[in-house]
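Novice: Input: one structure, supplied below.
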Amino acid sequence: MTTDENPMGAEDGEGADSGPSGSSESTGALVARVLGFDVGDRRIGLAISDPLGYTAQPLFTLHRAGRRADLKSVARVLRKHGVTEAVVGNPLYMSGDQSPQAAKAQAFAEDLRTEFGITVHLWDERLTTTQAHRHLDDAGHAAMGRKGIIDQVAAVLILQSFLEARANERARS
């Protein structure tokens with residue numbers, strides 16, 4: 001596995017908001033975090049929620065090395081951050097039909113459920129890569145060299161959208 005630095009400067013999840021044991025704490029209690037995934041054929045962007053579940057931050061980009069190696073890397077992240085829930089981007093066509101890449105993302109989501117027994121949500125990610133490029137343009141990030149972080153930014157957008165929808169649902173209840 002190789003990783004690319006995230007836009008915040010932390011690599012492979014190091015330096016993320018975590019306590020001394022690697023688990024995040026809020027008012028002294030351990031809080032389960034949500035992990036977001038932007039799944040591609042060559043790379044997987046990862047993002048993680050803050051301890052309160054309000055915001056998403058980039059974690060790192062996992063360069064795919066085969067199913068077993070990918071899941072081993074994910075297992076380390078799940079343990080390190082106390083993750084019990086995941087959101088996997090589901091890249092549907094604009095019509096809402098399933099794309100070939102959506103089938104791959106759904107298979108990855110099922111691997112997460114089966115291997116780790118965590119709750120996994122599939123989340124509509126149409127246009128997130130386009131949005132990710134716009135965010136990087138707005139931040140003045142040069143088009144060259146985006147390959148390493150674009151997947152992380154897309155994962156942040158997927159996870160943030162999920163977190164906001166969840167908060168809105170809770171507010172309505």
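Residue numbering restarts at 1 in every chain; chains get A, B, ... in the order shown in the structure tokens, and ligands count up from 1 in that same order.
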Show me, as a PyMOL selection string, the residues that have an atom within 10 Å of Leu78 of chain A when counting only C-alpha atoms, minus same-chain residues fewer than 4 positions from it.
Specialist: chain A and resi 32-35+72-74+82-86+116+118
Novice: Need the shell around segment 101-109 of chain A: protein/DNA/RNA residues with any atom at most 6 Å away, counting only C-alpha atoms. Skip same-chain ones fewer than 6 positions apart. Format as a list in words?
Specialist: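 Non-adjacent residues within range: Val39, Asn90, Pro91 and Leu92 of chain A.
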Novice: What's the separation between atom CA of Pro51 of chain A and atom CA of His81 of chain A, in Å to one decimal place?
Specialist: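 Separation of atom CA of Pro51 of chain A and atom CA of His81 of chain A: 9.7 Å.
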Novice: Quick one: everything within 6 Å of Val87 of chain A, counting only C-alpha atoms, minus sequence neighbours fewer than 5 positions away in the same chain. Send it as a list of chain:residue names.
Specialist: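 Residues near the query, excluding close chain neighbours: A:Gly36, A:Val120, A:His121, A:Leu122.
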Novice: Let's have the selection written as an mmCIF file, in the first residue's frame, with N, CA, C and O atoms.
Specialist:
```cif
data_model
loop_
_atom_site.group_PDB
_atom_site.id
_atom_site.type_symbol
_atom_site.label_atom_id
_atom_site.label_comp_id
_atom_site.auth_asym_id
_atom_site.auth_seq_id
_atom_site.Cartn_x
_atom_site.Cartn_y
_atom_site.Cartn_z
ATOM 1 N N GLY A 36 -15.507 7.636 5.195
ATOM 2 C CA GLY A 36 -16.051 7.787 3.853
ATOM 3 C C GLY A 36 -15.067 7.278 2.814
ATOM 4 O O GLY A 36 -13.853 7.429 2.976
ATOM 5 N N VAL A 120 -22.653 -0.168 6.623
ATOM 6 C CA VAL A 120 -22.130 0.511 5.436
ATOM 7 C C VAL A 120 -23.303 1.109 4.662
ATOM 8 O O VAL A 120 -24.282 0.425 4.375
ATOM 9 N N HIS A 121 -23.199 2.384 4.370
ATOM 10 C CA HIS A 121 -24.216 3.106 3.607
ATOM 11 C C HIS A 121 -23.669 3.371 2.214
ATOM 12 O O HIS A 121 -22.545 3.843 2.077
ATOM 13 N N LEU A 122 -24.460 3.085 1.195
ATOM 14 C CA LEU A 122 -24.117 3.506 -0.165
ATOM 15 C C LEU A 122 -24.707 4.892 -0.348
ATOM 16 O O LEU A 122 -25.864 5.139 0.010
#
```
Novice: Just give me the gap between atom CA of Leu59 of chain A and atom CA of Gln152 of chain A in Å, one decimal is fine.
Specialist: 6.9 Å
Novice: Write out as an MDAnalysis selection string the residues lying within 10 Å of Gly45 of chain A, counting only C-alpha atoms and excluding same-chain residues fewer than 3 positions away.
Specialist: chainID A and resid 3:4 6 36:40 58:63 148:156
Novice: Which residue gives the smallest distance to Ala56 of chain A among A:Gln160, A:Thr114, A:Ser95, A:Ser173, with only C-alpha atoms counted?
Specialist: A:Gln160
Novice: Give the answer as one residue: which of A:Arg113, A:Arg68, A:Arg76, A:Arg126 has the shortest atom-to-atom distance to Gln98 of chain A, using only C-alpha atoms?
Specialist: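 That would be A:Arg126, the residue with the smallest distance to Gln98 of chain A.
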Novice: Could you please write out, as a list in words, every residue of segment 82-130 of chain A that DSSP assigns to alpha helix (DSSP H)?
Specialist: Pro100, Gln101, Ala102, Ala103, Lys104, Ala105, Gln106, Ala107, Phe108, Ala109, Glu110, Asp111, Leu112, Arg113, Thr114, Glu115, Phe116, Thr128, Thr129 and Thr130 of chain A
Novice: Which is closest to Met94 of chain A among A:Glu125, A:Glu169, A:Asp41, A:Asp50, if we use only C-alpha atoms?
Specialist: A:Glu125
Novice: In Å, how far is it from atom CA of Ile44 of chain A to atom CA of Arg166 of chain A?
Specialist: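 Atom CA of Arg166 of chain A lies at a distance of 23.3 Å from atom CA of Ile44 of chain A.
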